[in-house]
There are 2 protein chains.
Amino acid sequence: MIFMKTELETKRELSVQIADAIRNAIINGTLIVDERLPSEAELSDKFNVSRPTVREALKRLAAQNLIRTMRGATGGAFVNRLRFEDAYGQQITTSTLLLSMNEVDFETACEARFTLERACAPLSAKRRTGEHLATMRAEIHRQSQSGLSDEAFCASDVAFHRALVDGAGNPVLSYQLAGAVEAIEPLMNMITFSARSREQIVALHTEIADAIEAGAADQAEAALKALEKYTVALAHDVAARRRD
Amino acid sequence: MIFMKTELETKRELSVQIADAIRNAIINGTLIVDERLPSEAELSDKFNVSRPTVREALKRLAAQNLIRTMRGATGGAFVNRLRFEDAYGQQITTSTLLLSMNEVDFETACEARFTLERACAPLSAKRRTGEHLATMRAEIHRQSQSGLSDEAFCASDVAFHRALVDGAGNPVLSYQLAGAVEAIEPLMNMITFSARSREQIVALHTEIADAIEAGAADQAEAALKALEKYTVALAHDVAARRRD
DNA sequence: ACAGCTTCAATTGTCTGACAAATGATTTTT
DNA sequence: AAAAATCATTTGTCAGACAATTGAAGCTGT
């Protein structure tokens with residue numbers, strides 16, 4: 001069995017130590033994907049702690065998506081295959097909180113997001129499929145409809161940019177960018193988009209989609225740069241109006 | 001008080017529902033940084049569950065760095081200010097597991113990493129401080145010493161590239177890149193670096209540092225591109241030799 | 001032999017009640 | 001006034017119990 005009857009350190013909480021031990025076993029490959037961990041009763045034996053303590057440790061791991069648990073005779077805790085989609089959620093929550101709690105100003109967040117996104121543009125121009133293009137066009141169309149709430153407009157904006165990033169065909173990039181693109185949405189939601197500014201954004205989105213379709217990386221990067229500049233300017237306007 | 005005596009849904013586990021409720025309160029600002037949550041006893045009352053169940057919920061949140069707990073008369077659970085440094089660790093663990101569990105090939109991971117890193121180069125060329133440069137030079141020096149283990153060489157490589165990224169002076173970028181740069185290290189560790197290839201890498205690092213120092217963004221990007229190409233080639237050699 | 005039903009055993013989910021350990025506040029003592 | 005002892009509160013840990021779930025095993029009727 002994986003875990004010897006080992007005595008743990010003192011000082012730190014037992015559930016933390018146990019969670020660490022299991023996490024390390026997962027990371028270094030001692031426990032492999034879909035492998036079943038010992039039952040809670042067995043683990044309490046192995047680590048010489050009570051079942052509630054073991055459970056707290058397992059809940060810590062579950063919160064990180066490292067294990068899943070199921071009840072029943074064949075149930076138990078299993079090492080989870082961490083999927084990109086699952087990781088998106090964590091990434092977005094963490095990034096959102098980081099921005100809101102550390103009072104990152106809009107400009108900094110915007111710079112990070114567009115810097116990373118521009119980096120994806122050349123790959124996307126080369127590799128995007130028809131589906132990516134279709135999504136981008138569809139979102140542009142949605143954005144140009146009147147009567148769209150600011151939230152819906154922002155959500156569509158996110159969808160547009162994710163299609164652009166996904167077009168690069170690199171899941172690692174998509175994962176990394178998920179945080180950057182989505183975390184900024186709450187900040188964007190503070191902006192009120194006038195008909196005039198929506199029009200401008202739609203025009204830039206169209207320019208981007210055209211460039212991606214044509215395989216014109218430079219053009220896409222330039223349009224993204226213009227979009228960043230315009231977005232920051234909009235945010236400044238809002239801030240200025242707030243001060244009045 | 002924040003949480004009304006609310007009845008929860010059925011089906012999903014209670015500790016998950018409670019954790020979600022508190023997490024949402026943190027995200028939407030109902031609970032602010034450093035605010036103290038009700039004691040475990042109070043929470044069990046509020047949610048009509050037992051204390052172990054409340055504790056499992058709190059441990060889930062603690063695993064995500066959303067709260068910290070302290071014992072004693074004035075202790076309790078407090079909303080944690082999520083710091084960038086704390087988030088680095090999570091990001092790296094998650095990214096590492098994503099790569100190893102999803103069998104992302106080296107080339108894809110490498111492409112993502114260098115694509116993002118190249119995006120940081122222009123900003124770093126503009127804003128890097130003397131300290132960033134000094135770190136880069138020091139790591140280059142370390143890398144050129146003989147008798148360095150492959151692991152130490154890789155670790156120094158990571159430190160070099162982090163200094164480059166940090167030079168951009170955008171904490172959001174640094175955070176995002178931490179995962180990309182560090183997660184690839186385990187994959188890099190499978191490469192055996194010959195004296196010849198170390199020499200080559202050191203030369204490219206020097207080229208990068210020179211370009212950053214001179215504010216020459218294009219040159220830095222070109223050198224990074226060359227480094228990516230060389231790294232991928234090295235990995236291919238290793239794979240080819242393995243097949244023999 | 002096979003399909004459907006019942007029973008069973010293992011496992012997680014939840015509860016109760018208790019005690020230990022830590023720790024700031026309070027009181028007492030010097 | 002300073003130091004020491006005490007206290008109250010809160011988290012950490014434990015033991016034991018029962019409920020709920022669920023696949024497996026066994027049984028039954030055809």
# chains A, B, ... in the order shown; residues from 1 in each chain; ligands from 1
call {"tool": "interface_residues", "arguments": {"of": "chain A", "to": "chain C", "cutoff": "10 Å", "atoms": "only C-alpha atoms (C1' of nucleotides)", "output": "list of chain:residue names"}}
result
A:Ser39, A:Glu40, A:Ala41, A:Arg55, A:Thr69, A:Met70, A:Arg71, A:Gly72, A:Ala73, A:Thr74, A:Gly75, A:Gly76, A:Ala77
call {"tool": "write_last_selection", "arguments": {"atoms": "all heavy atoms", "output": "PDB file, in the first residue's frame"}}
result
ATOM      1  N   SER A  39      -9.978   3.409   1.853  1.00  0.00           N
ATOM      2  CA  SER A  39     -11.198   3.984   2.427  1.00  0.00           C
ATOM      3  C   SER A  39     -10.833   4.897   3.594  1.00  0.00           C
ATOM      4  O   SER A  39      -9.726   4.835   4.132  1.00  0.00           O
ATOM      5  CB  SER A  39     -12.122   2.876   2.900  1.00  0.00           C
ATOM      6  OG  SER A  39     -11.585   2.262   4.053  1.00  0.00           O
ATOM      7  N   GLU A  40     -11.773   5.710   3.980  1.00  0.00           N
ATOM      8  CA  GLU A  40     -11.510   6.642   5.078  1.00  0.00           C
ATOM      9  C   GLU A  40     -11.100   5.890   6.334  1.00  0.00           C
ATOM     10  O   GLU A  40     -10.199   6.330   7.057  1.00  0.00           O
ATOM     11  CB  GLU A  40     -12.761   7.487   5.343  1.00  0.00           C
ATOM     12  CG  GLU A  40     -13.090   8.395   4.168  1.00  0.00           C
ATOM     13  CD  GLU A  40     -14.412   9.122   4.368  1.00  0.00           C
ATOM     14  OE1 GLU A  40     -15.092   8.835   5.375  1.00  0.00           O
ATOM     15  OE2 GLU A  40     -14.747   9.959   3.528  1.00  0.00           O
ATOM     16  N   ALA A  41     -11.744   4.752   6.575  1.00  0.00           N
ATOM     17  CA  ALA A  41     -11.404   3.966   7.757  1.00  0.00           C
ATOM     18  C   ALA A  41      -9.949   3.499   7.684  1.00  0.00           C
ATOM     19  O   ALA A  41      -9.203   3.593   8.660  1.00  0.00           O
ATOM     20  CB  ALA A  41     -12.345   2.769   7.872  1.00  0.00           C
ATOM     21  N   ARG A  55     -11.292  12.966   6.793  1.00  0.00           N
ATOM     22  CA  ARG A  55     -12.269  13.568   5.903  1.00  0.00           C
ATOM     23  C   ARG A  55     -11.928  15.022   5.593  1.00  0.00           C
ATOM     24  O   ARG A  55     -12.046  15.477   4.453  1.00  0.00           O
ATOM     25  CB  ARG A  55     -13.668  13.463   6.501  1.00  0.00           C
ATOM     26  CG  ARG A  55     -14.262  12.067   6.371  1.00  0.00           C
ATOM     27  CD  ARG A  55     -15.654  12.005   6.933  1.00  0.00           C
ATOM     28  NE  ARG A  55     -16.571  12.915   6.267  1.00  0.00           N
ATOM     29  CZ  ARG A  55     -17.164  12.651   5.104  1.00  0.00           C
ATOM     30  NH1 ARG A  55     -16.930  11.514   4.490  1.00  0.00           N
ATOM     31  NH2 ARG A  55     -17.973  13.522   4.553  1.00  0.00           N
ATOM     32  N   THR A  69     -15.111  11.766  -4.910  1.00  0.00           N
ATOM     33  CA  THR A  69     -15.548  10.694  -4.015  1.00  0.00           C
ATOM     34  C   THR A  69     -16.933  10.230  -4.419  1.00  0.00           C
ATOM     35  O   THR A  69     -17.749  11.004  -4.919  1.00  0.00           O
ATOM     36  CB  THR A  69     -15.587  11.164  -2.549  1.00  0.00           C
ATOM     37  OG1 THR A  69     -16.465  12.273  -2.450  1.00  0.00           O
ATOM     38  CG2 THR A  69     -14.219  11.547  -2.061  1.00  0.00           C
ATOM     39  N   MET A  70     -17.165   8.959  -4.205  1.00  0.00           N
ATOM     40  CA  MET A  70     -18.482   8.396  -4.483  1.00  0.00           C
ATOM     41  C   MET A  70     -18.862   7.450  -3.370  1.00  0.00           C
ATOM     42  O   MET A  70     -18.013   6.773  -2.797  1.00  0.00           O
ATOM     43  CB  MET A  70     -18.477   7.669  -5.830  1.00  0.00           C
ATOM     44  CG  MET A  70     -18.644   8.640  -7.004  1.00  0.00           C
ATOM     45  SD  MET A  70     -18.269   7.872  -8.581  1.00  0.00           S
ATOM     46  CE  MET A  70     -17.061   6.672  -8.134  1.00  0.00           C
ATOM     47  N   ARG A  71     -20.134   7.422  -3.086  1.00  0.00           N
ATOM     48  CA  ARG A  71     -20.606   6.551  -2.026  1.00  0.00           C
ATOM     49  C   ARG A  71     -20.815   5.128  -2.549  1.00  0.00           C
ATOM     50  O   ARG A  71     -20.705   4.862  -3.731  1.00  0.00           O
ATOM     51  CB  ARG A  71     -21.948   7.049  -1.502  1.00  0.00           C
ATOM     52  CG  ARG A  71     -21.917   8.379  -0.857  1.00  0.00           C
ATOM     53  CD  ARG A  71     -23.022   8.428   0.166  1.00  0.00           C
ATOM     54  NE  ARG A  71     -23.917   9.534  -0.084  1.00  0.00           N
ATOM     55  CZ  ARG A  71     -24.811   9.951   0.802  1.00  0.00           C
ATOM     56  NH1 ARG A  71     -24.913   9.358   1.955  1.00  0.00           N
ATOM     57  NH2 ARG A  71     -25.596  10.961   0.526  1.00  0.00           N
ATOM     58  N   GLY A  72     -21.199   4.275  -1.612  1.00  0.00           N
ATOM     59  CA  GLY A  72     -21.604   2.935  -2.006  1.00  0.00           C
ATOM     60  C   GLY A  72     -20.490   1.920  -1.878  1.00  0.00           C
ATOM     61  O   GLY A  72     -19.345   2.252  -1.582  1.00  0.00           O
ATOM     62  N   ALA A  73     -20.862   0.683  -2.105  1.00  0.00           N
ATOM     63  CA  ALA A  73     -19.943  -0.429  -1.869  1.00  0.00           C
ATOM     64  C   ALA A  73     -18.670  -0.292  -2.685  1.00  0.00           C
ATOM     65  O   ALA A  73     -17.579  -0.579  -2.207  1.00  0.00           O
ATOM     66  CB  ALA A  73     -20.631  -1.740  -2.203  1.00  0.00           C
ATOM     67  N   THR A  74     -18.783   0.128  -3.907  1.00  0.00           N
ATOM     68  CA  THR A  74     -17.588   0.265  -4.756  1.00  0.00           C
ATOM     69  C   THR A  74     -17.109   1.704  -4.787  1.00  0.00           C
ATOM     70  O   THR A  74     -16.315   2.069  -5.648  1.00  0.00           O
ATOM     71  CB  THR A  74     -17.891  -0.192  -6.184  1.00  0.00           C
ATOM     72  OG1 THR A  74     -18.944   0.621  -6.682  1.00  0.00           O
ATOM     73  CG2 THR A  74     -18.296  -1.640  -6.218  1.00  0.00           C
ATOM     74  N   GLY A  75     -17.629   2.499  -3.873  1.00  0.00           N
ATOM     75  CA  GLY A  75     -17.273   3.919  -3.862  1.00  0.00           C
ATOM     76  C   GLY A  75     -15.920   4.158  -3.241  1.00  0.00           C
ATOM     77  O   GLY A  75     -15.119   3.248  -3.077  1.00  0.00           O
ATOM     78  N   GLY A  76     -15.696   5.386  -2.874  1.00  0.00           N
ATOM     79  CA  GLY A  76     -14.424   5.767  -2.299  1.00  0.00           C
ATOM     80  C   GLY A  76     -13.908   7.030  -2.927  1.00  0.00           C
ATOM     81  O   GLY A  76     -14.632   7.721  -3.655  1.00  0.00           O
ATOM     82  N   ALA A  77     -12.661   7.325  -2.654  1.00  0.00           N
ATOM     83  CA  ALA A  77     -12.033   8.508  -3.234  1.00  0.00           C
ATOM     84  C   ALA A  77     -11.120   8.063  -4.363  1.00  0.00           C
ATOM     85  O   ALA A  77     -10.363   7.103  -4.208  1.00  0.00           O
ATOM     86  CB  ALA A  77     -11.236   9.251  -2.168  1.00  0.00           C
TER      87      ALA A  77
END
call {"tool": "interface_residues", "arguments": {"of": "chain A", "to": "chain B", "cutoff": "7 Å", "atoms": "only C-alpha atoms", "output": "CSV table (one decimal) with C-alpha atoms, in the first residue's frame"}}
result
chain,number,residue,atom,x,y,z
A,27,ILE,CA,2.0,14.8,-8.1
A,56,GLU,CA,-11.1,17.1,6.3
A,59,LYS,CA,-12.2,17.7,1.4
A,60,ARG,CA,-9.2,19.8,1.0
A,63,ALA,CA,-11.6,21.4,-3.3
A,81,ARG,CA,-7.9,13.4,-14.0
A,82,LEU,CA,-7.6,17.2,-13.9
A,83,ARG,CA,-9.2,18.4,-17.0
A,84,PHE,CA,-8.6,21.7,-18.7
A,97,LEU,CA,-10.3,37.5,-6.6
A,98,LEU,CA,-6.7,38.5,-7.2
A,101,MET,CA,-8.7,42.0,-3.6
A,108,THR,CA,-2.7,46.8,-15.5
A,109,ALA,CA,-5.2,44.0,-15.9
A,112,ALA,CA,-1.9,41.8,-19.2
A,115,THR,CA,-0.5,41.4,-24.2
A,116,LEU,CA,-1.3,37.7,-23.8
A,119,ALA,CA,0.6,36.7,-28.5
A,170,ASN,CA,-3.1,25.0,-28.1
A,172,VAL,CA,-2.4,25.1,-22.7
A,173,LEU,CA,-2.7,28.6,-24.1
A,176,GLN,CA,-3.7,30.2,-19.4
call {"tool": "closest_residue", "arguments": {"among": "A:Asp34, A:Glu107, A:Val49, A:Arg162", "to": "Gln17 (chain A)", "atoms": "only C-alpha atoms"}}
result
A:Val49
call {"tool": "select_by_dssp", "arguments": {"residues": "region 22-226 of chain A", "states": "strand (DSSP E)", "output": "JSON, numbers by chain"}}
result
{"A": [67, 68, 69, 70, 76, 77, 78, 79]}
call {"tool": "write_last_selection", "arguments": {"atoms": "all heavy atoms", "output": "short mmCIF file (atom, residue, chain, number, x, y, z; two decimals), in the first residue's frame"}}
result
data_model
loop_
_atom_site.label_atom_id
_atom_site.label_comp_id
_atom_site.auth_asym_id
_atom_site.auth_seq_id
_atom_site.Cartn_x
_atom_site.Cartn_y
_atom_site.Cartn_z
N ILE A 67 -9.21 14.94 -6.22
CA ILE A 67 -9.90 13.66 -6.05
C ILE A 67 -11.40 13.87 -6.22
O ILE A 67 -11.89 14.99 -6.15
CB ILE A 67 -9.65 13.03 -4.67
CG1 ILE A 67 -10.16 13.97 -3.56
CG2 ILE A 67 -8.18 12.72 -4.46
CD1 ILE A 67 -10.17 13.34 -2.20
N ARG A 68 -12.09 12.80 -6.48
CA ARG A 68 -13.55 12.80 -6.46
C ARG A 68 -13.97 11.65 -5.56
O ARG A 68 -13.24 10.66 -5.43
CB ARG A 68 -14.11 12.61 -7.87
CG ARG A 68 -13.69 11.30 -8.50
CD ARG A 68 -14.23 11.12 -9.90
NE ARG A 68 -13.89 9.80 -10.42
CZ ARG A 68 -12.71 9.48 -10.94
NH1 ARG A 68 -11.77 10.39 -11.02
NH2 ARG A 68 -12.47 8.26 -11.36
N THR A 69 -15.11 11.77 -4.91
CA THR A 69 -15.55 10.69 -4.01
C THR A 69 -16.93 10.23 -4.42
O THR A 69 -17.75 11.00 -4.92
CB THR A 69 -15.59 11.16 -2.55
OG1 THR A 69 -16.46 12.27 -2.45
CG2 THR A 69 -14.22 11.55 -2.06
N MET A 70 -17.17 8.96 -4.21
CA MET A 70 -18.48 8.40 -4.48
C MET A 70 -18.86 7.45 -3.37
O MET A 70 -18.01 6.77 -2.80
CB MET A 70 -18.48 7.67 -5.83
CG MET A 70 -18.64 8.64 -7.00
SD MET A 70 -18.27 7.87 -8.58
CE MET A 70 -17.06 6.67 -8.13
N GLY A 76 -15.70 5.39 -2.87
CA GLY A 76 -14.42 5.77 -2.30
C GLY A 76 -13.91 7.03 -2.93
O GLY A 76 -14.63 7.72 -3.66
N ALA A 77 -12.66 7.33 -2.65
CA ALA A 77 -12.03 8.51 -3.23
C ALA A 77 -11.12 8.06 -4.36
O ALA A 77 -10.36 7.10 -4.21
CB ALA A 77 -11.24 9.25 -2.17
N PHE A 78 -11.22 8.73 -5.49
CA PHE A 78 -10.43 8.37 -6.65
C PHE A 78 -9.61 9.56 -7.11
O PHE A 78 -10.07 10.70 -7.03
CB PHE A 78 -11.33 7.91 -7.80
CG PHE A 78 -12.13 6.69 -7.48
CD1 PHE A 78 -13.32 6.79 -6.78
CD2 PHE A 78 -11.68 5.44 -7.86
CE1 PHE A 78 -14.06 5.66 -6.47
CE2 PHE A 78 -12.41 4.30 -7.56
CZ PHE A 78 -13.60 4.41 -6.86
N VAL A 79 -8.42 9.28 -7.58
CA VAL A 79 -7.60 10.35 -8.13
C VAL A 79 -8.29 10.87 -9.39
O VAL A 79 -8.68 10.10 -10.26
CB VAL A 79 -6.19 9.84 -8.48
CG1 VAL A 79 -5.37 10.95 -9.11
CG2 VAL A 79 -5.50 9.31 -7.23
#
call {"tool": "closest_atom_pairs", "arguments": {"of": "chain D", "to": "chain B", "cutoff": "12 Å", "atoms": "only C-alpha atoms (C1' of nucleotides)", "output": "tab-separated table"}}
result
residue	atom	partner	partner_atom	distance
D:DC7	C1'	B:Ala73	CA	10.3
D:DA8	C1'	B:Ala73	CA	7.0
D:DT9	C1'	B:Ala73	CA	4.1
D:DT10	C1'	B:Gly72	CA	5.0
D:DT11	C1'	B:Arg71	CA	4.6
D:DG12	C1'	B:Arg71	CA	8.4
D:DT13	C1'	B:Pro52	CA	11.0
D:DC14	C1'	B:Pro52	CA	12.0
D:DA20	C1'	B:Lys11	CA	11.0
D:DT21	C1'	B:Lys11	CA	11.6
call {"tool": "atom_distance", "arguments": {"atom1": "CA of Ile184 (chain A)", "atom2": "CA of Asp166 (chain B)"}}
result
20.5 Å
call {"tool": "residues_around", "arguments": {"residues": "region 209-211 of chain A", "least_positions_apart": "5", "cutoff": "12 Å", "atoms": "only C-alpha atoms (C1' of nucleotides)", "output": "PyMOL selection string"}}
result
chain A and resi 121-122+124-126+128+130+132-141+160-161+163-165+167+202-204+216-224
call {"tool": "select_by_dssp", "arguments": {"residues": "region 161-223 of chain B", "states": "alpha helix (DSSP H)", "output": "JSON, numbers by chain"}}
result
{"B": [161, 162, 163, 164, 165, 166, 171, 172, 173, 174, 175, 176, 177, 178, 179, 180, 181, 182, 183, 185, 186, 187, 188, 195, 196, 197, 198, 199, 200, 201, 202, 203, 204, 205, 206, 207, 208, 209, 210, 211, 212, 213, 214, 217, 218, 219, 220, 221, 222, 223]}
call {"tool": "atom_distance", "arguments": {"atom1": "CA of Glu182 (chain B)", "atom2": "CA of Ile92 (chain B)"}}
result
6.3 Å
call {"tool": "residues_around", "arguments": {"residues": "region 148-151 of chain A", "least_positions_apart": "5", "cutoff": "8 Å", "atoms": "only C-alpha atoms (C1' of nucleotides)", "output": "PDB file with C-alpha atoms, in the first residue's frame"}}
result
ATOM      1  CA  GLN A 143     -23.010  42.566 -30.079  1.00  0.00           C
ATOM      2  CA  ASN A 189     -19.010  45.273 -16.225  1.00  0.00           C
ATOM      3  CA  THR A 192     -21.555  51.484 -19.368  1.00  0.00           C
ATOM      4  CA  PHE A 193     -21.326  50.941 -23.085  1.00  0.00           C
TER       5      PHE A 193
END
